[in-house]
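Have a look at my_file.cif below; it lists mmCIF, C-alpha atoms.
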data_work
loop_
_atom_site.label_atom_id
_atom_site.label_comp_id
_atom_site.auth_asym_id
_atom_site.auth_seq_id
_atom_site.Cartn_x
_atom_site.Cartn_y
_atom_site.Cartn_z
CA MET V 1 57.19 -57.66 92.11
CA ASP V 2 60.87 -57.34 91.42
CA LYS V 3 60.42 -54.83 88.67
CA LYS V 4 61.82 -51.42 89.31
CA THR V 5 58.87 -49.25 90.13
CA SER V 6 60.01 -45.93 88.79
CA PRO V 7 56.80 -45.02 86.90
CA GLY V 8 54.09 -42.92 88.41
CA TYR V 9 52.62 -43.35 91.86
CA LEU V 10 49.25 -44.20 90.42
CA SER V 11 50.59 -47.29 88.71
CA VAL V 12 52.20 -48.34 91.98
CA PHE V 13 48.84 -47.83 93.65
CA PHE V 14 46.80 -49.82 91.14
CA ASN V 15 49.45 -52.47 90.93
CA GLY V 16 48.56 -53.55 94.45
CA ILE V 17 44.83 -53.54 93.82
CA LEU V 18 44.72 -55.34 90.52
CA LYS V 19 47.81 -56.78 88.93
CA GLU V 20 49.58 -57.91 92.05
CA ASN V 21 46.66 -58.27 94.37
CA PRO V 22 48.36 -59.67 97.45
CA THR V 23 45.65 -62.20 98.19
CA LEU V 24 44.35 -63.33 94.84
CA CYS V 25 47.46 -63.12 92.69
CA LEU V 26 50.42 -63.39 95.02
CA VAL V 27 48.52 -65.55 97.51
CA LEU V 28 50.04 -64.05 100.62
CA GLY V 29 48.43 -63.67 103.99
CA THR V 30 46.19 -66.65 103.52
CA CYS V 31 45.51 -67.25 107.21
CA PRO V 32 43.40 -64.13 107.88
CA THR V 33 41.86 -64.44 104.43
CA LEU V 34 40.40 -67.79 105.34
CA ALA V 35 39.76 -67.21 109.00
CA ILE V 36 37.84 -63.97 109.34
CA THR V 37 35.89 -63.89 106.10
CA THR V 38 32.68 -65.28 107.51
CA MET V 39 31.18 -61.80 107.72
CA ALA V 40 31.64 -58.83 105.42
CA LYS V 41 31.90 -56.45 108.37
CA ASN V 42 34.80 -58.38 109.88
CA ALA V 43 36.54 -58.50 106.52
CA ILE V 44 36.43 -54.72 106.17
CA GLY V 45 37.68 -54.27 109.73
CA MET V 46 40.51 -56.72 109.23
CA GLY V 47 41.42 -55.21 105.87
CA LEU V 48 41.57 -51.70 107.26
CA ALA V 49 43.56 -52.78 110.31
CA THR V 50 46.07 -54.47 108.01
CA LEU V 51 46.10 -51.40 105.78
CA PHE V 52 46.96 -49.23 108.77
CA VAL V 53 49.79 -51.50 109.89
CA LEU V 54 51.10 -51.77 106.34
CA LEU V 55 51.01 -48.01 105.89
CA GLY V 56 52.78 -47.36 109.18
CA SER V 57 55.44 -49.98 108.68
CA ASN V 58 56.08 -48.99 105.06
CA ILE V 59 56.52 -45.33 106.02
CA VAL V 60 58.80 -46.02 108.96
CA ILE V 61 60.86 -48.61 107.15
CA SER V 62 61.37 -46.50 104.05
CA LEU V 63 62.38 -43.57 106.29
CA ILE V 64 64.96 -45.47 108.27
CA LYS V 65 66.07 -47.95 105.63
CA ARG V 66 69.58 -46.53 105.60
CA LEU V 67 69.94 -46.84 109.35
CA ILE V 68 69.13 -50.54 109.54
CA PRO V 69 72.14 -52.81 109.05
CA PRO V 70 71.23 -55.38 106.41
CA SER V 71 72.13 -58.33 108.61
CA VAL V 72 69.53 -57.57 111.28
CA ARG V 73 66.87 -56.03 109.09
CA ILE V 74 64.28 -58.80 109.46
CA PRO V 75 64.13 -58.57 113.28
CA CYS V 76 63.99 -54.77 112.94
CA TYR V 77 61.08 -55.00 110.52
CA ILE V 78 59.29 -57.43 112.79
CA VAL V 79 59.62 -55.10 115.76
CA ILE V 80 58.32 -52.13 113.77
CA ILE V 81 55.40 -54.17 112.43
CA ALA V 82 54.54 -55.63 115.83
CA GLY V 83 54.64 -52.11 117.27
CA PHE V 84 52.03 -50.94 114.79
CA VAL V 85 49.95 -54.05 115.42
CA THR V 86 49.93 -53.20 119.11
CA ILE V 87 48.84 -49.64 118.33
CA VAL V 88 46.02 -50.77 116.08
CA SER V 89 44.74 -53.39 118.51
CA GLN V 90 44.77 -50.87 121.37
CA LEU V 91 42.84 -48.39 119.22
CA MET V 92 40.33 -51.00 118.16
CA GLN V 93 39.86 -52.23 121.69
CA ALA V 94 39.05 -48.68 122.73
CA PHE V 95 36.82 -47.57 119.86
CA VAL V 96 35.33 -50.68 118.25
CA PRO V 97 35.33 -53.24 121.07
CA GLU V 98 32.84 -55.49 119.30
CA LEU V 99 34.96 -55.84 116.21
CA TYR V 100 38.00 -56.29 118.41
CA LYS V 101 36.35 -59.24 120.08
CA GLU V 102 35.28 -60.79 116.78
CA LEU V 103 38.73 -60.56 115.22
CA GLY V 104 40.39 -61.61 118.47
CA LEU V 105 43.52 -63.62 117.92
CA TYR V 106 43.79 -62.76 114.23
CA LEU V 107 44.36 -59.12 115.02
CA ALA V 108 47.57 -59.98 116.85
CA LEU V 109 48.50 -62.27 114.01
CA ILE V 110 48.71 -59.33 111.59
CA ALA V 111 52.25 -59.17 112.94
CA VAL V 112 53.15 -62.37 111.10
CA ASN V 113 51.14 -61.61 107.97
CA CYS V 114 53.50 -62.26 105.07
CA ILE V 115 52.06 -59.36 103.06
CA ILE V 116 53.45 -56.78 105.45
CA LEU V 117 56.90 -58.27 105.88
CA GLY V 118 56.93 -58.98 102.16
CA ARG V 119 56.22 -55.36 101.22
CA ALA V 120 58.79 -54.14 103.73
CA GLU V 121 61.39 -56.36 102.17
CA VAL V 122 60.45 -55.97 98.53
CA PHE V 123 59.26 -52.39 98.33
CA ALA V 124 59.70 -50.11 101.34
CA SER V 125 63.34 -50.99 101.87
CA LYS V 126 64.17 -49.95 98.32
CA ASN V 127 61.89 -47.00 97.59
CA LYS V 128 61.20 -43.47 98.74
CA VAL V 129 58.58 -42.62 101.33
CA VAL V 130 55.87 -41.33 98.98
CA ALA V 131 56.11 -44.34 96.69
CA SER V 132 55.97 -46.60 99.75
CA VAL V 133 52.82 -44.85 100.93
CA PHE V 134 51.14 -45.49 97.59
CA ASP V 135 52.34 -49.05 97.60
CA ALA V 136 50.95 -49.62 101.09
CA LEU V 137 47.62 -48.04 100.14
CA GLY V 138 47.34 -50.13 96.98
CA MET V 139 48.33 -53.37 98.64
CA GLY V 140 46.17 -52.69 101.70
CA LEU V 141 43.13 -51.83 99.62
CA GLY V 142 43.76 -54.82 97.38
CA PHE V 143 43.84 -57.03 100.45
CA THR V 144 40.69 -55.39 101.83
CA LEU V 145 38.93 -55.78 98.50
CA ALA V 146 39.81 -59.47 98.26
CA LEU V 147 38.69 -60.09 101.84
CA PHE V 148 35.49 -58.19 101.17
CA ILE V 149 34.63 -60.15 98.03
CA MET V 150 35.31 -63.43 99.74
CA ALA V 151 33.43 -62.51 102.91
CA SER V 152 30.44 -61.31 100.88
CA ILE V 153 30.23 -64.63 99.07
CA ARG V 154 30.56 -66.58 102.29
CA GLU V 155 28.16 -64.45 104.29
CA ILE V 156 25.46 -64.37 101.63
CA LEU V 157 25.65 -68.09 100.92
CA GLY V 158 26.48 -69.27 104.40
CA ALA V 159 24.31 -67.09 106.61
CA GLY V 160 21.89 -65.51 104.15
CA THR V 161 22.88 -62.05 105.33
CA TRP V 162 25.08 -59.23 104.11
CA PHE V 163 26.55 -56.81 106.64
CA GLY V 164 24.06 -58.37 109.02
CA ILE V 165 21.06 -57.50 106.81
CA LYS V 166 18.89 -60.49 106.06
CA LEU V 167 18.67 -61.26 102.36
CA THR V 168 16.94 -64.60 102.13
CA ALA V 169 13.67 -63.29 103.60
CA GLY V 170 13.09 -66.75 105.01
CA LEU V 171 12.51 -68.22 101.57
CA PHE V 172 15.30 -70.78 101.76
CA GLU V 173 17.82 -72.11 104.18
CA PRO V 174 21.32 -70.68 103.90
CA ILE V 175 24.04 -73.19 103.05
CA ALA V 176 25.73 -73.28 106.43
CA ILE V 177 28.82 -75.07 105.19
CA PHE V 178 30.07 -71.85 103.61
CA ALA V 179 30.38 -70.26 107.01
CA ARG V 180 32.46 -73.18 108.26
CA PRO V 181 36.20 -73.57 107.71
CA ALA V 182 35.63 -76.00 104.85
CA GLY V 183 33.67 -73.36 102.97
CA GLY V 184 36.52 -70.93 103.40
CA PHE V 185 38.96 -73.19 101.58
CA PHE V 186 36.38 -73.87 98.90
CA VAL V 187 35.47 -70.26 98.17
CA PHE V 188 39.12 -69.21 98.19
CA GLY V 189 39.98 -71.96 95.71
CA CYS V 190 37.14 -70.95 93.41
CA LEU V 191 38.09 -67.25 93.60
CA ILE V 192 41.68 -67.94 92.61
CA ALA V 193 40.47 -70.16 89.81
CA ALA V 194 38.21 -67.33 88.64
CA VAL V 195 41.13 -64.91 88.65
CA ASN V 196 43.18 -67.42 86.68
CA LEU V 197 40.37 -67.75 84.18
CA ILE V 198 40.10 -63.98 83.72
CA LEU V 199 43.84 -63.63 83.32
CA ALA V 200 43.88 -66.45 80.80
CA LYS V 201 41.03 -64.87 78.82
CA LYS V 202 42.88 -61.58 78.71
CA GLY V 203 45.68 -63.49 77.09
CA ARG V 204 48.05 -63.10 79.99
CA LYS V 205 49.84 -66.27 80.83
CA VAL V 206 48.63 -67.95 83.97
CA LYS V 207 51.65 -68.28 86.14
CA LYS V 208 52.30 -71.93 86.83
CA SER V 209 51.92 -73.00 90.43
CA VAL V 210 51.30 -69.42 91.35
CA GLY V 211 49.95 -70.35 94.71
CA CYS V 212 52.35 -72.64 96.36
CA ALA V 213 55.42 -71.09 94.93
CA GLY V 214 54.02 -67.69 95.72
CA SER V 215 52.94 -68.43 99.21
CA CYS V 216 56.15 -70.22 100.04
CA GLU V 217 58.28 -67.55 98.56
CA GLY V 218 56.28 -64.99 100.46
CA CYS V 219 56.77 -66.80 103.70
CA THR V 220 60.11 -68.27 102.85
CA GLY V 221 61.13 -65.07 101.17
CA CYS V 222 61.21 -63.32 104.48
CA ALA V 223 62.44 -66.30 106.39
CA GLY V 224 64.80 -67.44 103.69
CA VAL V 225 66.58 -64.12 103.84
CA GLN V 226 67.08 -64.64 107.49
CA LYS V 227 68.78 -67.89 106.78
CA GLY V 228 71.09 -66.43 104.24
CA GLU V 229 72.25 -63.66 106.47
CA GLU V 230 74.17 -65.76 108.94
CA MET C 1 44.37 -86.01 134.04
CA LYS C 2 41.02 -86.22 132.27
CA GLU C 3 41.11 -82.49 131.73
CA MET C 4 44.54 -82.76 130.12
CA ALA C 5 43.32 -85.49 127.79
CA VAL C 6 40.37 -83.33 126.76
CA ILE C 7 42.66 -80.39 125.99
CA LEU C 8 45.06 -82.60 124.06
CA PHE C 9 42.47 -84.31 121.92
CA SER C 10 40.39 -81.24 121.23
CA ALA C 11 43.55 -79.47 120.07
CA ILE C 12 44.37 -82.35 117.76
CA LEU C 13 40.98 -83.14 116.32
CA VAL C 14 38.21 -80.66 116.99
CA ASN C 15 40.09 -77.39 117.06
CA ASN C 16 42.68 -78.50 114.59
CA PHE C 17 44.99 -75.53 114.05
CA VAL C 18 45.17 -75.79 110.30
CA LEU C 19 41.75 -77.01 109.35
CA SER C 20 39.51 -75.21 111.77
CA LYS C 21 41.51 -72.25 113.07
CA PHE C 22 43.37 -71.46 109.85
CA LEU C 23 46.73 -71.07 111.50
CA GLY C 24 49.83 -72.05 109.59
CA ILE C 25 48.18 -72.17 106.18
CA CYS C 26 51.35 -71.13 104.34
CA PRO C 27 53.41 -74.17 105.35
CA PHE C 28 50.29 -76.32 105.04
CA LEU C 29 49.97 -75.41 101.39
CA GLY C 30 53.65 -74.98 100.71
CA VAL C 31 55.39 -77.90 102.35
CA SER C 32 52.72 -80.57 102.00
CA LYS C 33 53.80 -81.76 98.57
CA ARG C 34 55.67 -84.75 99.93
CA VAL C 35 55.02 -86.83 103.01
CA ASP C 36 58.59 -86.76 104.32
CA SER C 37 58.95 -82.99 104.11
CA ALA C 38 55.52 -82.67 105.73
CA VAL C 39 56.73 -84.79 108.63
CA GLY C 40 59.98 -82.82 108.94
CA MET C 41 58.18 -79.51 109.03
CA SER C 42 55.65 -80.78 111.55
CA VAL C 43 58.31 -82.12 113.89
CA ALA C 44 60.05 -78.75 113.79
CA VAL C 45 56.73 -77.03 114.48
CA ILE C 46 55.89 -79.29 117.44
CA PHE C 47 59.34 -78.70 118.89
CA VAL C 48 59.20 -74.91 118.56
CA MET C 49 55.59 -74.74 119.73
CA LEU C 50 56.44 -76.56 122.94
CA THR C 51 59.60 -74.63 123.67
CA ALA C 52 58.08 -71.28 122.68
CA THR C 53 55.17 -71.93 125.02
CA ALA C 54 57.57 -72.88 127.78
CA ALA C 55 59.41 -69.60 127.22
CA THR C 56 56.54 -67.16 126.67
CA TYR C 57 54.22 -68.38 129.41
CA PRO C 58 56.55 -67.47 132.32
CA ILE C 59 57.50 -64.20 130.61
CA TYR C 60 53.87 -63.19 130.42
CA THR C 61 52.82 -64.46 133.84
CA TYR C 62 55.79 -63.27 135.85
CA ILE C 63 57.03 -60.20 134.00
CA LEU C 64 54.42 -58.62 131.74
CA GLU C 65 51.27 -59.29 133.72
CA PRO C 66 52.38 -58.07 137.18
CA LYS C 67 53.83 -54.91 135.66
CA GLY C 68 50.65 -54.18 133.69
CA LEU C 69 52.41 -54.57 130.38
CA GLY C 70 50.01 -57.15 128.96
CA TYR C 71 49.50 -55.06 125.85
CA LEU C 72 53.11 -55.68 124.80
CA GLN C 73 52.25 -59.36 124.40
CA THR C 74 52.40 -59.48 120.60
CA LEU C 75 55.64 -57.55 120.40
CA VAL C 76 57.42 -59.53 123.08
CA PHE C 77 56.16 -62.91 121.96
CA ILE C 78 57.19 -62.49 118.37
CA LEU C 79 60.65 -61.35 119.39
CA VAL C 80 60.99 -64.28 121.75
CA ILE C 81 59.91 -66.67 119.00
CA ALA C 82 62.23 -65.13 116.42
CA ALA C 83 65.17 -65.19 118.81
CA PHE C 84 64.25 -68.65 119.91
CA VAL C 85 64.11 -70.11 116.43
CA GLN C 86 67.58 -68.72 115.76
CA LEU C 87 68.86 -70.18 119.00
CA VAL C 88 67.39 -73.58 118.27
CA GLU C 89 68.98 -73.48 114.86
CA PHE C 90 72.43 -72.70 116.29
CA VAL C 91 72.20 -75.34 118.97
CA LEU C 92 70.99 -78.02 116.61
CA ARG C 93 73.67 -77.21 114.07
CA LYS C 94 76.40 -77.36 116.67
CA TYR C 95 75.37 -80.34 118.76
CA VAL C 96 72.72 -82.41 117.02
CA LYS C 97 73.89 -82.49 113.46
CA PRO C 98 71.56 -85.22 112.14
CA LEU C 99 68.49 -83.47 113.50
CA TYR C 100 69.70 -80.20 112.02
CA ASN C 101 70.14 -81.79 108.64
CA ALA C 102 66.62 -83.12 108.84
CA LEU C 103 64.90 -79.98 110.15
CA GLY C 104 67.33 -77.22 109.16
CA VAL C 105 65.43 -76.00 106.13
CA TYR C 106 62.16 -75.71 108.00
CA LEU C 107 63.37 -73.82 111.04
CA PRO C 108 63.68 -70.33 109.52
CA LEU C 109 60.23 -70.76 108.01
CA ILE C 110 58.77 -71.12 111.44
CA THR C 111 59.32 -67.54 112.56
CA THR C 112 56.59 -66.39 110.20
CA ASN C 113 54.35 -69.35 110.97
CA CYS C 114 51.30 -67.89 112.60
CA ALA C 115 50.49 -71.16 114.34
CA ILE C 116 53.38 -70.61 116.75
CA LEU C 117 52.45 -67.06 117.71
CA GLY C 118 48.84 -68.19 117.69
CA VAL C 119 49.35 -70.99 120.19
CA THR C 120 51.30 -68.82 122.62
CA ILE C 121 48.64 -66.11 122.56
CA LEU C 122 45.78 -68.62 122.73
CA ASN C 123 47.30 -70.23 125.81
CA ILE C 124 47.32 -66.89 127.60
CA ASP C 125 43.83 -65.94 126.37
CA SER C 126 42.28 -69.23 127.45
CA GLY C 127 43.70 -68.85 130.95
CA TYR C 128 45.49 -72.19 130.92
CA THR C 129 47.97 -73.15 133.62
CA PHE C 130 51.56 -73.83 132.63
CA ALA C 131 51.01 -77.59 132.29
CA GLN C 132 47.78 -77.10 130.37
CA SER C 133 49.52 -74.69 128.02
CA LEU C 134 52.20 -77.24 127.26
CA VAL C 135 49.57 -79.90 126.60
CA ASN C 136 47.66 -77.52 124.34
CA ALA C 137 50.86 -76.69 122.44
CA LEU C 138 51.63 -80.38 122.03
CA GLY C 139 48.09 -81.07 120.83
CA GLY C 140 48.24 -78.16 118.41
CA GLY C 141 51.53 -79.41 117.02
CA LEU C 142 50.31 -82.98 116.69
CA GLY C 143 47.15 -81.73 115.00
CA PHE C 144 49.28 -79.75 112.58
CA MET C 145 51.27 -82.89 111.84
CA LEU C 146 48.14 -84.98 111.33
CA ALA C 147 46.69 -82.45 108.91
CA MET C 148 49.97 -82.05 107.03
CA VAL C 149 50.59 -85.77 106.64
CA LEU C 150 47.02 -86.59 105.63
CA PHE C 151 46.99 -83.75 103.17
CA ALA C 152 50.35 -84.69 101.71
CA GLY C 153 48.83 -88.08 100.91
CA VAL C 154 45.80 -86.49 99.29
CA ARG C 155 48.01 -84.21 97.25
CA ARG C 156 50.15 -87.03 95.95
CA ARG C 157 47.04 -88.59 94.48
CA MET C 158 45.93 -85.31 93.04
CA GLU C 159 49.19 -84.64 91.20
CA SER C 160 48.37 -87.27 88.62
CA CYS C 161 44.84 -86.03 87.98
CA GLU C 162 43.92 -83.80 85.14
CA VAL C 163 41.82 -80.86 86.29
CA PHE C 164 39.98 -78.04 84.59
CA LYS C 165 42.65 -75.58 83.46
CA PRO C 166 41.98 -72.54 85.69
CA PHE C 167 41.82 -74.83 88.71
CA GLU C 168 45.30 -76.19 88.16
CA GLY C 169 47.75 -75.75 90.99
CA LEU C 170 46.57 -73.87 94.02
CA PRO C 171 42.78 -73.71 93.48
CA ILE C 172 42.34 -77.47 93.31
CA THR C 173 44.64 -77.84 96.31
CA LEU C 174 42.41 -75.49 98.28
CA ILE C 175 39.33 -77.42 97.26
CA ALA C 176 40.97 -80.65 98.39
CA ALA C 177 41.82 -78.93 101.68
CA SER C 178 38.16 -78.04 102.00
CA MET C 179 37.24 -81.73 101.69
CA VAL C 180 39.80 -82.68 104.34
CA SER C 181 38.38 -79.95 106.53
CA ILE C 182 34.87 -81.35 106.11
CA SER C 183 36.12 -84.74 107.25
CA PHE C 184 37.55 -83.12 110.39
CA MET C 185 34.17 -81.53 111.12
CA GLY C 186 33.06 -85.06 111.88
CA PHE C 187 35.12 -84.95 115.07
CA GLY C 188 32.95 -82.22 116.60
CA GLY C 189 31.65 -83.38 119.95
CA VAL C 190 33.65 -86.61 119.85
CA VAL C 191 36.16 -85.54 122.46
CA GLU C 192 33.64 -84.47 125.07
CA GLY C 193 31.83 -87.77 124.60
CA LEU C 194 35.03 -89.77 124.79
CA PHE C 195 36.07 -88.60 128.25
CA LYS C 196 32.73 -88.26 129.92
#

Can the structure in the file be given as structure tokens, please?
Amino acid sequence: MDKKTSPGYLSVFFNGILKENPTLCLVLGTCPTLAITTMAKNAIGMGLATLFVLLGSNIVISLIKRLIPPSVRIPCYIVIIAGFVTIVSQLMQAFVPELYKELGLYLALIAVNCIILGRAEVFASKNKVVASVFDALGMGLGFTLALFIMASIREILGAGTWFGIKLTAGLFEPIAIFARPAGGFFVFGCLIAAVNLILAKKGRKVKKSVGCAGSCEGCTGCAGVQKGEE
Amino acid sequence: MKEMAVILFSAILVNNFVLSKFLGICPFLGVSKRVDSAVGMSVAVIFVMLTATAATYPIYTYILEPKGLGYLQTLVFILVIAAFVQLVEFVLRKYVKPLYNALGVYLPLITTNCAILGVTILNIDSGYTFAQSLVNALGGGLGFMLAMVLFAGVRRRMESCEVFKPFEGLPITLIAASMVSISFMGFGGVVEGLFK
């Protein structure tokens, strides 16, 4: 995360999808991850909406990074991000009203998603526009992918459907608990454990307390900076 | 009065912000390691939730709505909250030193807490009156506190357990959260029955 990202754009791109997957490895943006992953369709919609906001804010922030005084940069970032959130929710309300209704509150809450503020702070404010675009695409797709995997598990197990297509063929009852909030926590926990297991098998060290430290730093990271700036 | 009680208790138990709406998960996972820090964070959250609701509700109803600027809701609210948190921090540091010492660390965290923005938007979306909004914010905050404190207790117990290696740390915490969430599912329907 803190490493200087001078090597090629492709590595920046794949970094977000695999190595530093914002949801599964850095554990940022947990609220939407848990809340809207009851259906695969919603997950894709949410992922793409976040991707759009991330792309927009990364581009704008890396363009005007020299103009923003360091002491007020967090409020500036928040305004830029919230602006893009407003754009995306207006667009979705106009073109995909159904999805807009399903995502509801969580669409507005993209504005406080730590992934976006985190990338603005860690990457876009230090890198050129093109690199920031690749970073946003990688991170956004990584987020979408994680949401999609999780939503697929929850939809198939919890509702017996996938993208609304019935899979169980009436042979057995779906396990409804997976569609409930409790199932969200459970599946997310298992997914992170699976990622840990894979990383451990590959011989990479499993970062200790990756989650809490990560999620706090992500959230605190942005907020903590604000504290230091006074 | 009955209506207020229903709003309050459904916000605390049935529609618990953390466990059934997934708002404020970051502090829930991050600050719930010890009971006292969980309480500190929750008090700060309750305080900011109430005051932020008191500030954003009139702004929306008397400025944004009549001028047809409802779509600026997210942008305006988050700015108000961010500015507000800073203001609260200054005031507390200057005039209420003990409270600042107790809550100081948690205040900056709150700007990025989605529960705060969530409650202000939810109040508008549900069409609550000003008083109802305040009650809902209070209930949401108390529910947050209840979940945090309960979970901090669960976590303390878990620290000393030995778990399967890949589950160490966050995964097992999430699974424990899932159990706590199941226990809150038991409250479904209780509130309506209670105030019939």

CA of Ala176 in chain C to CA of Glu162 in chain C, distance in Å rounded to a single decimal: 13.9 Å

Could you spell out the hits of the PyMOL selection byres ((chain C and resi 3) around 12) on the shown file, as a PDB file with C-alpha atoms, in the coordinates of the input?
ATOM      1  CA  MET C   1      44.370 -86.010 134.040  1.00  0.00           C
ATOM      2  CA  LYS C   2      41.020 -86.220 132.270  1.00  0.00           C
ATOM      3  CA  MET C   4      44.540 -82.760 130.120  1.00  0.00           C
ATOM      4  CA  ALA C   5      43.320 -85.490 127.790  1.00  0.00           C
ATOM      5  CA  VAL C   6      40.370 -83.330 126.760  1.00  0.00           C
ATOM      6  CA  ILE C   7      42.660 -80.390 125.990  1.00  0.00           C
ATOM      7  CA  LEU C   8      45.060 -82.600 124.060  1.00  0.00           C
ATOM      8  CA  PHE C   9      42.470 -84.310 121.920  1.00  0.00           C
ATOM      9  CA  SER C  10      40.390 -81.240 121.230  1.00  0.00           C
ATOM     10  CA  TYR C 128      45.490 -72.190 130.920  1.00  0.00           C
ATOM     11  CA  THR C 129      47.970 -73.150 133.620  1.00  0.00           C
ATOM     12  CA  ALA C 131      51.010 -77.590 132.290  1.00  0.00           C
ATOM     13  CA  GLN C 132      47.780 -77.100 130.370  1.00  0.00           C
ATOM     14  CA  VAL C 135      49.570 -79.900 126.600  1.00  0.00           C
ATOM     15  CA  ASN C 136      47.660 -77.520 124.340  1.00  0.00           C
ATOM     16  CA  VAL C 191      36.160 -85.540 122.460  1.00  0.00           C
ATOM     17  CA  GLU C 192      33.640 -84.470 125.070  1.00  0.00           C
ATOM     18  CA  LEU C 194      35.030 -89.770 124.790  1.00  0.00           C
ATOM     19  CA  PHE C 195      36.070 -88.600 128.250  1.00  0.00           C
ATOM     20  CA  LYS C 196      32.730 -88.260 129.920  1.00  0.00           C
TER      21      LYS C 196
END

Which residues match the PyMOL selection byres ((chain V and resi 160) around 10) in the file above, as a list in words?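 Selected by the PyMOL selection byres ((chain V and resi 160) around 10) in this file: Ile153, Arg154, Glu155, Ile156, Leu157, Gly158, Ala159, Thr161, Trp162, Gly164, Ile165, Lys166, Leu167, Thr168, Ala169, Gly170, Phe172, Glu173, Pro174, Ile175 and Ala176 of chain V.
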
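This file, filtered with the PyMOL selection byres ((chain V and resi 48-58) around 7), gives the residues V:Ile44, V:Gly45, V:Met46, V:Gly47, V:Ile59, V:Val60, V:Ile61, V:Ser62, V:Ile80, V:Ile81, V:Phe84, V:Val85, V:Val88, V:Ile110, V:Ile116, V:Ala120, V:Ala124, V:Ser132, V:Val133, V:Ala136, V:Leu137, V:Gly140, V:Leu141, V:Thr144.
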
I need the chosen residues saved as a short mmCIF file (atom, residue, chain, number, x, y, z; two decimals), in the coordinates of the input, with C-alpha atoms.
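Saved the output as part_2.cif:
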data_model
loop_
_atom_site.label_atom_id
_atom_site.label_comp_id
_atom_site.auth_asym_id
_atom_site.auth_seq_id
_atom_site.Cartn_x
_atom_site.Cartn_y
_atom_site.Cartn_z
CA ILE V 44 36.43 -54.72 106.17
CA GLY V 45 37.68 -54.27 109.73
CA MET V 46 40.51 -56.72 109.23
CA GLY V 47 41.42 -55.21 105.87
CA ILE V 59 56.52 -45.33 106.02
CA VAL V 60 58.80 -46.02 108.96
CA ILE V 61 60.86 -48.61 107.15
CA SER V 62 61.37 -46.50 104.05
CA ILE V 80 58.32 -52.13 113.77
CA ILE V 81 55.40 -54.17 112.43
CA PHE V 84 52.03 -50.94 114.79
CA VAL V 85 49.95 -54.05 115.42
CA VAL V 88 46.02 -50.77 116.08
CA ILE V 110 48.71 -59.33 111.59
CA ILE V 116 53.45 -56.78 105.45
CA ALA V 120 58.79 -54.14 103.73
CA ALA V 124 59.70 -50.11 101.34
CA SER V 132 55.97 -46.60 99.75
CA VAL V 133 52.82 -44.85 100.93
CA ALA V 136 50.95 -49.62 101.09
CA LEU V 137 47.62 -48.04 100.14
CA GLY V 140 46.17 -52.69 101.70
CA LEU V 141 43.13 -51.83 99.62
CA THR V 144 40.69 -55.39 101.83
#

Please identify every residue of chain C that has at least one atom no more than 9 Å from any atom of chain V, counting only C-alpha atoms, and report them as a CSV table (one decimal) with C-alpha atoms, keeping the file's coordinate frame.
chain,number,residue,atom,x,y,z
C,19,LEU,CA,41.8,-77.0,109.4
C,20,SER,CA,39.5,-75.2,111.8
C,21,LYS,CA,41.5,-72.2,113.1
C,22,PHE,CA,43.4,-71.5,109.8
C,23,LEU,CA,46.7,-71.1,111.5
C,24,GLY,CA,49.8,-72.0,109.6
C,25,ILE,CA,48.2,-72.2,106.2
C,26,CYS,CA,51.4,-71.1,104.3
C,27,PRO,CA,53.4,-74.2,105.4
C,29,LEU,CA,50.0,-75.4,101.4
C,30,GLY,CA,53.6,-75.0,100.7
C,31,VAL,CA,55.4,-77.9,102.4
C,71,TYR,CA,49.5,-55.1,125.8
C,72,LEU,CA,53.1,-55.7,124.8
C,73,GLN,CA,52.2,-59.4,124.4
C,74,THR,CA,52.4,-59.5,120.6
C,75,LEU,CA,55.6,-57.6,120.4
C,76,VAL,CA,57.4,-59.5,123.1
C,78,ILE,CA,57.2,-62.5,118.4
C,79,LEU,CA,60.6,-61.4,119.4
C,82,ALA,CA,62.2,-65.1,116.4
C,83,ALA,CA,65.2,-65.2,118.8
C,105,VAL,CA,65.4,-76.0,106.1
C,107,LEU,CA,63.4,-73.8,111.0
C,108,PRO,CA,63.7,-70.3,109.5
C,109,LEU,CA,60.2,-70.8,108.0
C,110,ILE,CA,58.8,-71.1,111.4
C,111,THR,CA,59.3,-67.5,112.6
C,112,THR,CA,56.6,-66.4,110.2
C,113,ASN,CA,54.4,-69.4,111.0
C,114,CYS,CA,51.3,-67.9,112.6
C,117,LEU,CA,52.4,-67.1,117.7
C,118,GLY,CA,48.8,-68.2,117.7
C,121,ILE,CA,48.6,-66.1,122.6
C,122,LEU,CA,45.8,-68.6,122.7
C,125,ASP,CA,43.8,-65.9,126.4
C,165,LYS,CA,42.6,-75.6,83.5
C,166,PRO,CA,42.0,-72.5,85.7
C,167,PHE,CA,41.8,-74.8,88.7
C,168,GLU,CA,45.3,-76.2,88.2
C,169,GLY,CA,47.8,-75.8,91.0
C,170,LEU,CA,46.6,-73.9,94.0
C,171,PRO,CA,42.8,-73.7,93.5
C,172,ILE,CA,42.3,-77.5,93.3
C,173,THR,CA,44.6,-77.8,96.3
C,174,LEU,CA,42.4,-75.5,98.3
C,175,ILE,CA,39.3,-77.4,97.3
C,176,ALA,CA,41.0,-80.6,98.4
C,177,ALA,CA,41.8,-78.9,101.7
C,178,SER,CA,38.2,-78.0,102.0
C,179,MET,CA,37.2,-81.7,101.7
C,180,VAL,CA,39.8,-82.7,104.3
C,181,SER,CA,38.4,-80.0,106.5
C,182,ILE,CA,34.9,-81.4,106.1
C,185,MET,CA,34.2,-81.5,111.1

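CA of Lys126 in chain V lies 13.6 Å from CA of Tyr77 in chain V.
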